[in-house]
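Take a look at the structure below.
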There are 2 protein chains.
Amino acid sequence: MTEQNNAAGRVAIVGGGLAGSLLALSLARQGIGVDVYERRSDPRVDQSGGGRSINLGLSKRGIQALSEVGLLDEVMPLTVAMAGRVIHAPDGSTRFQPYGKDRGEVLHSIDRNELNRLLLDHAQRHPQVRLHFEHRLARIDKDARELEFEHGEQRVRVQPAWTVGADGAFSRARREMQRGERADYHQEYLEWGYKELSLAALPDGGSRIQLEALHVWPRVHCFFVSHPNRDGSHTLTLFLPHEGPDSFATTREPAQIRALFDKYFPDLVPLLPTLVDDWNRHPTGSLITTRTAPWSLDEWIVLVGDACHAVYPFYGQGMNSAFEDCSALMAALGRHPGDRRAAFADYERTRRPHTDTLAELSKANFVELKQKVQSFWFLARKRIDVALNRLLPRTWLPLYTMIAHTTMPYGDALQRARKQDKILVGAASAAAVAAVAALAFGAWATHLI
Amino acid sequence: MTEQNNAAGRVAIVGGGLAGSLLALSLARQGIGVDVYERRSDPRVDQSGGGRSINLGLSKRGIQALSEVGLLDEVMPLTVAMAGRVIHAPDGSTRFQPYGKDRGEVLHSIDRNELNRLLLDHAQRHPQVRLHFEHRLARIDKDARELEFEHGEQRVRVQPAWTVGADGAFSRARREMQRGERADYHQEYLEWGYKELSLAALPDGGSRIQLEALHVWPRVHCFFVSHPNRDGSHTLTLFLPHEGPDSFATTREPAQIRALFDKYFPDLVPLLPTLVDDWNRHPTGSLITTRTAPWSLDEWIVLVGDACHAVYPFYGQGMNSAFEDCSALMAALGRHPGDRRAAFADYERTRRPHTDTLAELSKANFVELKQKVQSFWFLARKRIDVALNRLLPRTWLPLYTMIAHTTMPYGDALQRARKQDKILVGAASAAAVAAVAALAFGAWATHLI
């Protein structure tokens, strides 16, 4: 059975996740009618969706986008501030590294599903927005400008004014849009997977580890990251190789699970009394980087978020960059009133270089999280960066600060960090030369006397 | 209607193109039963398949693989030897660059479809091979180890002992094999497309341009390459940007087509009396590079040729490398008797780095063909390479020679070429130093007198 849905003159958004629901609100606020089509059931009704999504760190870019739709005041109470990282060494000792020079430069831990529900609530309340759950995109007829969804046994066909693909890393909208076109596409999996575990709160609601921080247990072979929840619990995410020795493949039986933790995370064992059950109940996730071009077709369809650039979660910028895409798209539409084709092209041209940079930074931060946060030189470098930032708060910005605590485009941030690196290396060399000169002068002076 | 096809204990090859039919012969010669499933109709019956495939230059690697199945003596009469490149300058002047130091180092121009028909003839005659045309792979059930083909209105399901995906750059076998797996995949289109035209023979069967050569009309904005045919005609392939000024997008009307040729290829205009008709009759092709991993799943399915590494045609190694894949796979199976999983892994581990190198070389040769073959320095360097190769035939091998005229693995060839480059640069620097020293000594000696 086929149903026609009156979508004429309205925008169709494929995907009602974070980016899709935020963009629906942005468009609606400009008086544009929006239909959101989501494959899954309404997450506000069916709340079983957990266990597979890394907790998110909301940072400056995401905050900016939420402010633009007037939702920041409602979102912030759902978050727990994280002022820095607590590094847990194998011997059980800990060390705190602040994220920035002051309390303004913090990240905000938030439950992805909770944020999604809030965005959907607001979208639903807006008279310009209609939400359609359990609508799975089956096909796009590009000539007819028609989307076809599977809805239970029904086929629903709609002809929107234009379309946004916000349906994530395995975007069907992208695939349908690019079918038969000369599209570039790259996908690359990390050899490591992840699994979520939970660190329960104390009976009085207190936290077993410092609450207002991101915790990292860096080991070269694997590592844990944890995000705090408002109830005092923490969501732990283990990153571990999929295959090989001490991997997800070799960690299935209770004895194997316990052995892995005894070997790498003995300090966590007493905190995780239901470890084996949790391990088996939670699926093992995979991590993917994707890049693609083009991001749009004519004046009719455009992509945002993971649908056009999925990144590894190690810089905590997946959601933040997806939200920033929505702002960038809205801004491009504003710059080209009445010429959507030009707006889409402008959006891609100005935005894609920066999300490409983010993909590389997110890969590089994998190495940092698993390994470098333990290294003396890495820490020394971090301290110099923070100290210089305190001395010269406007001119010297550590890369992490620029990515997490500013809205400077990712590519510009990287370029500036590289310049700073050069200055540091130059200064270090000059210092070394001065030291040698001073020694030589000392020797000469001594000789004179 | 569904049909079961008795494939038990036999190998299924998806794709009856060059690699698929050659591999069928290789396996059959070892007494292994093979079913070849080809999406298209039998090209020996329906000969309309032309107009979209670049003529091929058979070189050493392909020759080696054809020798292994005992077909070289039948293939060679179908070819025209090409002793080098004839470069056509914009002013109509020409220059000949030999491919190697002697007449043994030549390429062999062959019609792709003719070679395919010959391979299929031989496969069909072999009692171990069965050919199935118009069988389009629809689905692979990896758990059941079952392939499902669409054959007209029928669905044909087979459960072969194991499977080879030899179904080209848009391989369905690859997609089905990798579905739900953590597979890396990269695809990238060239901004340039291609179109084939034909340069007819003279009425007496003679050639209008030198027969036994590859001809190149290098222009920075576009270029022609031509391969000779046995009847004295040449298949011309124009490479031109898809979009922008003077592109396929702006060259549709007769006046536009003529203007393009008047501007860039005035010397070709008198040779192409049916230019406008040919232009409109032949489709515009696209060029894609793909890379992927893994190439196999367990002990049951493995990929060869374009299905795992499509490259641009600019090094003339697409068919040659696909044939070499077949040899490499057969060799790996020979190294691991009774352990197909190990053989597949070994094949990928030893082969993939070299096809990755080939992809890069094929991209780099695009620049060479369109531009550098005109440059003084490029030609000087080529001459030095050839001269050194004449002087030191065993120790000094130009990169092109190693790729086209040896079976040295692609990666090893590139490494060796880089070493030679360093020696050349070192020698040039030493020569410069010696020259300066000689001048200085001369000046000093003059001063003494």
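Ordered as shown in the structure tokens, chains take letters A, B, and onward, while each chain numbers its residues from 1 and ligands are numbered from 1 in the order shown.
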
Selection: 12 Å around A:Val158, only C-alpha atoms, excl. self and same-chain fewer than 3 positions, as an MDAnalysis selection string: chainID A and resid 2:14 35:37 135 137:141 144:150 155 161:163

Store the residues of this selection in a file with N, CA and C atoms, as a CSV table (one decimal), in the first residue's frame.
chain,number,residue,atom,x,y,z
A,2,THR,N,0.5,2.2,-0.8
A,2,THR,CA,1.3,3.4,-0.9
A,2,THR,C,0.5,4.6,-0.5
A,3,GLU,N,1.1,5.5,0.3
A,3,GLU,CA,0.4,6.6,0.8
A,3,GLU,C,1.2,7.9,0.3
A,4,GLN,N,0.4,8.9,-0.1
A,4,GLN,CA,1.1,10.1,-0.5
A,4,GLN,C,0.9,11.1,0.7
A,5,ASN,N,2.0,11.7,0.9
A,5,ASN,CA,2.0,12.6,2.1
A,5,ASN,C,2.2,14.0,1.6
A,6,ASN,N,1.4,14.9,2.0
A,6,ASN,CA,1.5,16.3,1.5
A,6,ASN,C,2.7,17.0,2.1
A,7,ALA,N,3.8,16.9,1.3
A,7,ALA,CA,5.0,17.6,1.8
A,7,ALA,C,5.3,18.8,0.9
A,8,ALA,N,4.4,19.2,0.0
A,8,ALA,CA,4.7,20.2,-0.9
A,8,ALA,C,5.1,21.5,-0.2
A,9,GLY,N,6.2,22.1,-0.7
A,9,GLY,CA,6.6,23.4,-0.1
A,9,GLY,C,7.4,23.2,1.3
A,10,ARG,N,7.5,22.0,1.8
A,10,ARG,CA,8.1,21.8,3.1
A,10,ARG,C,9.5,21.2,2.9
A,11,VAL,N,10.3,21.3,3.9
A,11,VAL,CA,11.6,20.6,3.8
A,11,VAL,C,11.5,19.2,4.5
A,12,ALA,N,12.1,18.2,3.9
A,12,ALA,CA,12.2,16.9,4.5
A,12,ALA,C,13.6,16.7,5.1
A,13,ILE,N,13.6,16.3,6.4
A,13,ILE,CA,14.9,16.0,7.0
A,13,ILE,C,14.9,14.5,7.2
A,14,VAL,N,15.8,13.8,6.7
A,14,VAL,CA,15.9,12.3,6.9
A,14,VAL,C,16.8,12.1,8.1
A,35,ASP,N,9.3,18.4,7.7
A,35,ASP,CA,9.0,17.1,8.1
A,35,ASP,C,10.2,16.3,8.5
A,36,VAL,N,10.3,15.7,9.6
A,36,VAL,CA,11.4,14.9,10.0
A,36,VAL,C,11.0,13.4,10.0
A,37,TYR,N,11.8,12.7,9.2
A,37,TYR,CA,11.6,11.2,9.1
A,37,TYR,C,12.6,10.4,9.8
A,135,HIS,N,9.9,5.6,10.0
A,135,HIS,CA,9.9,5.9,8.5
A,135,HIS,C,11.4,5.7,8.0
A,137,LEU,N,14.0,5.4,5.1
A,137,LEU,CA,14.2,5.8,3.7
A,137,LEU,C,14.6,4.6,2.9
A,138,ALA,N,13.8,4.4,1.8
A,138,ALA,CA,14.0,3.2,1.0
A,138,ALA,C,14.7,3.6,-0.3
A,139,ARG,N,14.4,4.8,-0.8
A,139,ARG,CA,14.8,5.1,-2.2
A,139,ARG,C,14.6,6.6,-2.4
A,140,ILE,N,15.4,7.2,-3.2
A,140,ILE,CA,15.2,8.6,-3.7
A,140,ILE,C,15.1,8.5,-5.2
A,141,ASP,N,14.1,9.1,-5.7
A,141,ASP,CA,13.9,9.3,-7.2
A,141,ASP,C,14.4,10.7,-7.5
A,144,ALA,N,12.3,12.7,-10.2
A,144,ALA,CA,11.0,13.1,-9.7
A,144,ALA,C,11.1,13.9,-8.4
A,145,ARG,N,12.3,14.1,-7.9
A,145,ARG,CA,12.5,14.8,-6.6
A,145,ARG,C,11.5,14.2,-5.5
A,146,GLU,N,11.6,12.9,-5.4
A,146,GLU,CA,10.7,12.2,-4.6
A,146,GLU,C,11.5,11.2,-3.6
A,147,LEU,N,11.0,11.2,-2.3
A,147,LEU,CA,11.6,10.3,-1.4
A,147,LEU,C,10.6,9.2,-1.1
A,148,GLU,N,11.1,8.0,-1.0
A,148,GLU,CA,10.1,6.9,-0.7
A,148,GLU,C,10.6,6.2,0.7
A,149,PHE,N,9.6,6.2,1.6
A,149,PHE,CA,9.9,5.6,2.9
A,149,PHE,C,9.1,4.3,3.1
A,150,GLU,N,9.7,3.4,3.9
A,150,GLU,CA,9.0,2.2,4.4
A,150,GLU,C,8.5,2.6,5.7
A,155,ARG,N,4.3,2.0,2.0
A,155,ARG,CA,5.3,2.8,1.3
A,155,ARG,C,4.8,4.2,1.3
A,161,ALA,N,10.0,20.3,-0.9
A,161,ALA,CA,10.7,21.4,-1.6
A,161,ALA,C,12.2,21.1,-1.7
A,162,TRP,N,12.7,20.7,-0.6
A,162,TRP,CA,14.1,20.2,-0.6
A,162,TRP,C,14.4,19.3,0.6
A,163,THR,N,15.5,18.7,0.6
A,163,THR,CA,15.8,17.5,1.5
A,163,THR,C,17.1,17.7,2.2

Using only C-alpha atoms, which protein or nucleic acid residues come within 12 Å of B:Glu196? Drop anything in the same chain fewer than 3 positions from it, and give the result as a PDB file with C-alpha atoms, in the first residue's frame.
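Written file, around.pdb:
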ATOM      1  CA  GLY B  50      32.073  -1.526 -27.555  1.00  0.00           C
ATOM      2  CA  GLY B  51      32.365   2.217 -27.205  1.00  0.00           C
ATOM      3  CA  ARG B  52      33.140   2.317 -23.538  1.00  0.00           C
ATOM      4  CA  SER B  53      36.345   0.460 -22.921  1.00  0.00           C
ATOM      5  CA  ILE B  54      39.784   1.868 -23.394  1.00  0.00           C
ATOM      6  CA  ASN B  55      41.950  -0.318 -25.636  1.00  0.00           C
ATOM      7  CA  GLY B 193      36.121  11.811 -18.099  1.00  0.00           C
ATOM      8  CA  LEU B 199      40.561   7.045 -36.561  1.00  0.00           C
ATOM      9  CA  PHE B 224      44.256  12.219 -26.566  1.00  0.00           C
ATOM     10  CA  VAL B 225      45.794   8.769 -26.380  1.00  0.00           C
ATOM     11  CA  SER B 226      45.451   6.288 -29.236  1.00  0.00           C
ATOM     12  CA  HIS B 227      45.971   2.552 -29.521  1.00  0.00           C
ATOM     13  CA  HIS B 234      43.329   3.538 -34.202  1.00  0.00           C
ATOM     14  CA  THR B 235      41.097   3.838 -31.176  1.00  0.00           C
ATOM     15  CA  LEU B 236      41.419   7.378 -29.892  1.00  0.00           C
ATOM     16  CA  THR B 237      40.531   8.208 -26.327  1.00  0.00           C
ATOM     17  CA  LEU B 238      39.995  11.815 -25.359  1.00  0.00           C
ATOM     18  CA  PHE B 239      40.486  12.753 -21.717  1.00  0.00           C
ATOM     19  CA  LEU B 240      38.766  16.019 -20.818  1.00  0.00           C
ATOM     20  CA  LEU B 275      33.678  13.473 -35.568  1.00  0.00           C
ATOM     21  CA  ASP B 278      31.001   9.639 -33.276  1.00  0.00           C
ATOM     22  CA  TRP B 279      31.006  12.109 -30.415  1.00  0.00           C
ATOM     23  CA  ASN B 280      27.275  11.848 -29.902  1.00  0.00           C
ATOM     24  CA  ARG B 281      27.128   8.077 -30.432  1.00  0.00           C
ATOM     25  CA  HIS B 282      29.777   7.231 -27.822  1.00  0.00           C
ATOM     26  CA  PRO B 283      29.025   7.649 -24.143  1.00  0.00           C
ATOM     27  CA  THR B 284      31.223   9.712 -21.841  1.00  0.00           C
ATOM     28  CA  GLY B 285      32.999   7.453 -19.375  1.00  0.00           C
ATOM     29  CA  SER B 286      34.167   8.182 -15.841  1.00  0.00           C
TER      30      SER B 286
END

In Å, with one decimal, what is the gap from atom CA of A:Leu268 to atom CA of A:Leu287? 24.1 Å

Would you list, as a ChimeraX atom specification, the residues of stretch 119-364 of chain A that end up in helix (DSSP H, G or I) under DSSP run on this structure's backbone? /A:119-125,172-178,248-250,254-264,269-271,275-281,306-309,313-315,318-335,340-364

Under the rule of at most 7 Å, produce a per-residue listing of chain B near chain A: chain, number, name, the closest pair of atoms, and the distance in Å, as a tab-separated table, using only C-alpha atoms.
residue	atom	partner	partner_atom	distance
B:Arg182	CA	A:Tyr189	CA	5.9
B:Ala183	CA	A:Tyr189	CA	6.6
B:Asp184	CA	A:Glu188	CA	4.4
B:Tyr185	CA	A:Gln187	CA	5.2
B:His186	CA	A:His186	CA	4.1
B:Gln187	CA	A:Tyr185	CA	5.2
B:Glu188	CA	A:Asp184	CA	4.4
B:Tyr189	CA	A:Arg182	CA	5.8

Considering only strand (DSSP E or B) as DSSP defines it on the backbone, what residues of stretch 210-375 of chain B qualify? List them as a CSV table (one decimal) with N, CA, C and O atoms, in the first residue's frame.
chain,number,residue,atom,x,y,z
B,214,LEU,N,52.0,3.9,-29.5
B,214,LEU,CA,50.9,4.6,-28.8
B,214,LEU,C,51.1,6.1,-29.2
B,214,LEU,O,52.2,6.6,-29.1
B,215,HIS,N,50.0,6.7,-29.5
B,215,HIS,CA,50.1,8.2,-29.9
B,215,HIS,C,49.5,9.0,-28.7
B,215,HIS,O,48.5,8.6,-28.2
B,216,VAL,N,50.1,10.1,-28.4
B,216,VAL,CA,49.6,11.0,-27.4
B,216,VAL,C,49.6,12.4,-27.9
B,216,VAL,O,50.6,12.8,-28.6
B,217,TRP,N,48.5,13.1,-27.7
B,217,TRP,CA,48.4,14.5,-28.0
B,217,TRP,C,48.2,15.2,-26.7
B,217,TRP,O,47.2,15.5,-26.2
B,218,PRO,N,49.4,15.5,-26.1
B,218,PRO,CA,49.3,16.1,-24.7
B,218,PRO,C,49.0,17.6,-24.8
B,218,PRO,O,49.6,18.4,-25.6
B,223,PHE,N,43.8,15.8,-23.3
B,223,PHE,CA,44.7,15.1,-24.1
B,223,PHE,C,44.1,13.8,-24.8
B,223,PHE,O,43.1,13.3,-24.3
B,224,PHE,N,44.7,13.4,-25.9
B,224,PHE,CA,44.3,12.2,-26.6
B,224,PHE,C,45.3,11.2,-26.4
B,224,PHE,O,46.5,11.5,-26.4
B,225,VAL,N,44.9,9.9,-26.3
B,225,VAL,CA,45.8,8.8,-26.4
B,225,VAL,C,45.2,7.9,-27.5
B,225,VAL,O,44.0,7.8,-27.6
B,226,SER,N,46.0,7.2,-28.3
B,226,SER,CA,45.5,6.3,-29.2
B,226,SER,C,46.2,5.0,-29.2
B,226,SER,O,47.4,4.9,-29.1
B,227,HIS,N,45.4,3.9,-29.4
B,227,HIS,CA,46.0,2.6,-29.5
B,227,HIS,C,45.7,2.0,-30.9
B,227,HIS,O,44.6,2.2,-31.4
B,228,PRO,N,46.7,1.4,-31.6
B,228,PRO,CA,46.5,0.9,-32.9
B,228,PRO,C,45.6,-0.4,-32.9
B,228,PRO,O,45.7,-1.2,-32.0
B,234,HIS,N,42.9,3.3,-35.6
B,234,HIS,CA,43.3,3.5,-34.2
B,234,HIS,C,42.1,3.9,-33.4
B,234,HIS,O,41.2,4.6,-33.8
B,235,THR,N,42.1,3.4,-32.1
B,235,THR,CA,41.1,3.8,-31.2
B,235,THR,C,41.6,5.0,-30.4
B,235,THR,O,42.6,4.9,-29.7
B,236,LEU,N,41.0,6.2,-30.6
B,236,LEU,CA,41.4,7.4,-29.9
B,236,LEU,C,40.6,7.5,-28.6
B,236,LEU,O,39.4,7.3,-28.6
B,237,THR,N,41.3,7.9,-27.6
B,237,THR,CA,40.5,8.2,-26.3
B,237,THR,C,40.9,9.6,-25.9
B,237,THR,O,42.0,10.0,-25.7
B,238,LEU,N,39.8,10.4,-25.8
B,238,LEU,CA,40.0,11.8,-25.4
B,238,LEU,C,39.7,11.9,-23.9
B,238,LEU,O,38.7,11.4,-23.4
B,239,PHE,N,40.7,12.5,-23.1
B,239,PHE,CA,40.5,12.8,-21.7
B,239,PHE,C,40.3,14.3,-21.5
B,239,PHE,O,41.1,15.0,-22.0
B,240,LEU,N,39.2,14.6,-20.9
B,240,LEU,CA,38.8,16.0,-20.8
B,240,LEU,C,38.0,16.2,-19.5
B,240,LEU,O,37.4,15.3,-19.0
B,241,PRO,N,38.1,17.4,-18.9
B,241,PRO,CA,37.3,17.6,-17.7
B,241,PRO,C,35.8,17.4,-17.9
B,241,PRO,O,35.3,17.7,-19.0
B,285,GLY,N,32.7,8.4,-20.5
B,285,GLY,CA,33.0,7.5,-19.4
B,285,GLY,C,33.6,8.2,-18.2
B,285,GLY,O,34.1,9.3,-18.4
B,286,SER,N,33.6,7.6,-17.0
B,286,SER,CA,34.2,8.2,-15.8
B,286,SER,C,35.3,7.3,-15.4
B,286,SER,O,35.3,6.1,-15.7
B,287,LEU,N,36.2,7.9,-14.6
B,287,LEU,CA,37.4,7.1,-14.2
B,287,LEU,C,37.4,7.1,-12.6
B,287,LEU,O,37.3,8.1,-12.0
B,288,ILE,N,37.6,5.9,-12.1
B,288,ILE,CA,37.5,5.8,-10.6
B,288,ILE,C,38.7,5.0,-10.1
B,288,ILE,O,39.3,4.1,-10.8
B,289,THR,N,39.2,5.4,-8.9
B,289,THR,CA,40.2,4.7,-8.2
B,289,THR,C,39.5,4.1,-6.9
B,289,THR,O,38.8,4.8,-6.3
B,290,THR,N,39.6,2.8,-6.7
B,290,THR,CA,39.1,2.3,-5.4
B,290,THR,C,40.2,1.5,-4.7
B,290,THR,O,41.1,1.0,-5.3
B,291,ARG,N,40.1,1.5,-3.4
B,291,ARG,CA,41.0,0.7,-2.5
B,291,ARG,C,40.1,0.1,-1.4
B,291,ARG,O,39.1,0.8,-1.0
B,292,THR,N,40.4,-1.1,-1.0
B,292,THR,CA,39.6,-1.7,0.0
B,292,THR,C,40.3,-2.7,0.8
B,292,THR,O,41.4,-3.1,0.4
B,293,ALA,N,39.8,-3.0,2.0
B,293,ALA,CA,40.4,-4.1,2.8
B,293,ALA,C,39.2,-4.5,3.8
B,293,ALA,O,38.5,-3.7,4.2
B,296,SER,N,39.1,-10.6,1.5
B,296,SER,CA,38.6,-12.0,1.6
B,296,SER,C,37.8,-12.1,2.9
B,296,SER,O,37.9,-11.3,3.8
B,297,LEU,N,37.0,-13.2,3.0
B,297,LEU,CA,36.2,-13.5,4.2
B,297,LEU,C,36.4,-15.0,4.5
B,297,LEU,O,36.1,-15.8,3.6
B,301,ILE,N,35.5,-16.6,0.4
B,301,ILE,CA,35.4,-15.7,-0.7
B,301,ILE,C,36.6,-14.8,-0.7
B,301,ILE,O,37.1,-14.4,0.3
B,302,VAL,N,37.0,-14.5,-2.0
B,302,VAL,CA,38.2,-13.6,-2.2
B,302,VAL,C,38.0,-12.8,-3.4
B,302,VAL,O,37.2,-13.2,-4.3
B,303,LEU,N,38.6,-11.6,-3.5
B,303,LEU,CA,38.5,-10.7,-4.6
B,303,LEU,C,39.7,-10.6,-5.5
B,303,LEU,O,40.8,-10.8,-4.9

Quick check, in Å to one decimal: how far apart do atom CA of A:Leu118 and atom CA of A:Asp42 lie?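 So the answer is 12.0 Å.
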
Applying 12 Å and only C-alpha atoms, which residues near A:Gln420 remain after dropping the ones on its own chain fewer than 6 positions away? List them as number ranges by chain. A: 381, 384-385, 388-389, 395-399, 413-414, 426-427

Just-selected residues, N, CA and C atoms written as a PDB file, in the first residue's frame:
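This went into selection.pdb:
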ATOM      1  N   ARG A 381      54.893  19.644  27.638  1.00  0.00           N
ATOM      2  CA  ARG A 381      54.422  20.468  26.534  1.00  0.00           C
ATOM      3  C   ARG A 381      53.053  21.089  26.868  1.00  0.00           C
ATOM      4  N   ILE A 384      53.495  23.905  29.359  1.00  0.00           N
ATOM      5  CA  ILE A 384      54.027  25.113  28.721  1.00  0.00           C
ATOM      6  C   ILE A 384      52.907  25.824  27.968  1.00  0.00           C
ATOM      7  N   ASP A 385      52.088  25.034  27.243  1.00  0.00           N
ATOM      8  CA  ASP A 385      50.967  25.596  26.498  1.00  0.00           C
ATOM      9  C   ASP A 385      50.025  26.354  27.424  1.00  0.00           C
ATOM     10  N   LEU A 388      51.708  29.542  28.859  1.00  0.00           N
ATOM     11  CA  LEU A 388      51.762  30.607  27.852  1.00  0.00           C
ATOM     12  C   LEU A 388      50.377  31.200  27.636  1.00  0.00           C
ATOM     13  N   ASN A 389      49.371  30.344  27.664  1.00  0.00           N
ATOM     14  CA  ASN A 389      47.996  30.795  27.491  1.00  0.00           C
ATOM     15  C   ASN A 389      47.596  31.724  28.645  1.00  0.00           C
ATOM     16  N   THR A 395      46.720  35.752  22.623  1.00  0.00           N
ATOM     17  CA  THR A 395      47.563  35.405  21.472  1.00  0.00           C
ATOM     18  C   THR A 395      48.014  33.949  21.483  1.00  0.00           C
ATOM     19  N   TRP A 396      48.052  33.333  22.669  1.00  0.00           N
ATOM     20  CA  TRP A 396      48.546  31.958  22.712  1.00  0.00           C
ATOM     21  C   TRP A 396      47.432  31.017  23.133  1.00  0.00           C
ATOM     22  N   LEU A 397      46.986  30.171  22.204  1.00  0.00           N
ATOM     23  CA  LEU A 397      45.881  29.254  22.495  1.00  0.00           C
ATOM     24  C   LEU A 397      46.297  27.823  22.192  1.00  0.00           C
ATOM     25  N   PRO A 398      46.320  26.947  23.197  1.00  0.00           N
ATOM     26  CA  PRO A 398      46.614  25.550  22.903  1.00  0.00           C
ATOM     27  C   PRO A 398      45.591  24.995  21.911  1.00  0.00           C
ATOM     28  N   LEU A 399      45.996  24.027  21.094  1.00  0.00           N
ATOM     29  CA  LEU A 399      45.106  23.464  20.074  1.00  0.00           C
ATOM     30  C   LEU A 399      43.811  22.955  20.706  1.00  0.00           C
ATOM     31  N   ALA A 413      42.292  26.616  13.363  1.00  0.00           N
ATOM     32  CA  ALA A 413      42.852  26.275  14.668  1.00  0.00           C
ATOM     33  C   ALA A 413      44.133  25.458  14.496  1.00  0.00           C
ATOM     34  N   LEU A 414      44.064  24.484  13.587  1.00  0.00           N
ATOM     35  CA  LEU A 414      45.244  23.636  13.382  1.00  0.00           C
ATOM     36  C   LEU A 414      46.414  24.459  12.849  1.00  0.00           C
ATOM     37  N   GLY A 426      61.516  27.122  17.992  1.00  0.00           N
ATOM     38  CA  GLY A 426      62.491  28.194  17.811  1.00  0.00           C
ATOM     39  C   GLY A 426      62.985  28.710  19.153  1.00  0.00           C
ATOM     40  N   ALA A 427      62.043  28.940  20.075  1.00  0.00           N
ATOM     41  CA  ALA A 427      62.406  29.470  21.394  1.00  0.00           C
ATOM     42  C   ALA A 427      63.275  28.460  22.143  1.00  0.00           C
TER      43      ALA A 427
END

Identify, on the basis of only C-alpha atoms, every residue whose closest approach to stretch 322-335 of chain A does not exceed 8 Å; exclude the query and any residue fewer than 4 positions from it along the same chain; express the result as a list in words. Leu18, Ala19, Leu22, Leu23, Ser26, Leu27, Arg61, Gly62, Ala65, Leu66, Val304, Gly305, Asp306, Gly318, Asp339, Arg340, Ala343, Phe344, Asp346, Tyr347 and Arg351 of chain A

For A:Gln256, work out the shell of residues within 10 Å, counting only C-alpha atoms and skipping chain neighbours fewer than 5 positions away, then give it as a list in words.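 Residues meeting the cut-off are Asp246, Thr250, Thr251, Phe261, Asp262 and Val276 of chain A.
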
Would you pick out the contacts of stretch 73-80 of chain A at 12 Å or less, using only C-alpha atoms, so that residues sharing its chain but fewer than 4 positions from it are not included, and give the list as a ChimeraX atom specification? /A:55-59,62-69,106-119,121-122,210-214,227-234

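In this structure, atom CA of B:Gln128 sits 8.9 Å away from atom CA of B:Ala24.
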
Closest to B:Val367 among B:His309, B:Tyr315, B:Met177, B:Asp421, using only C-alpha atoms?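 Result for the nearest residue to B:Val367: B:Tyr315.
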
Residue with smallest distance to B:Ser171 - pool B:His88, B:Lys101, B:Arg44, B:Arg39, counting only C-alpha atoms: B:Arg39
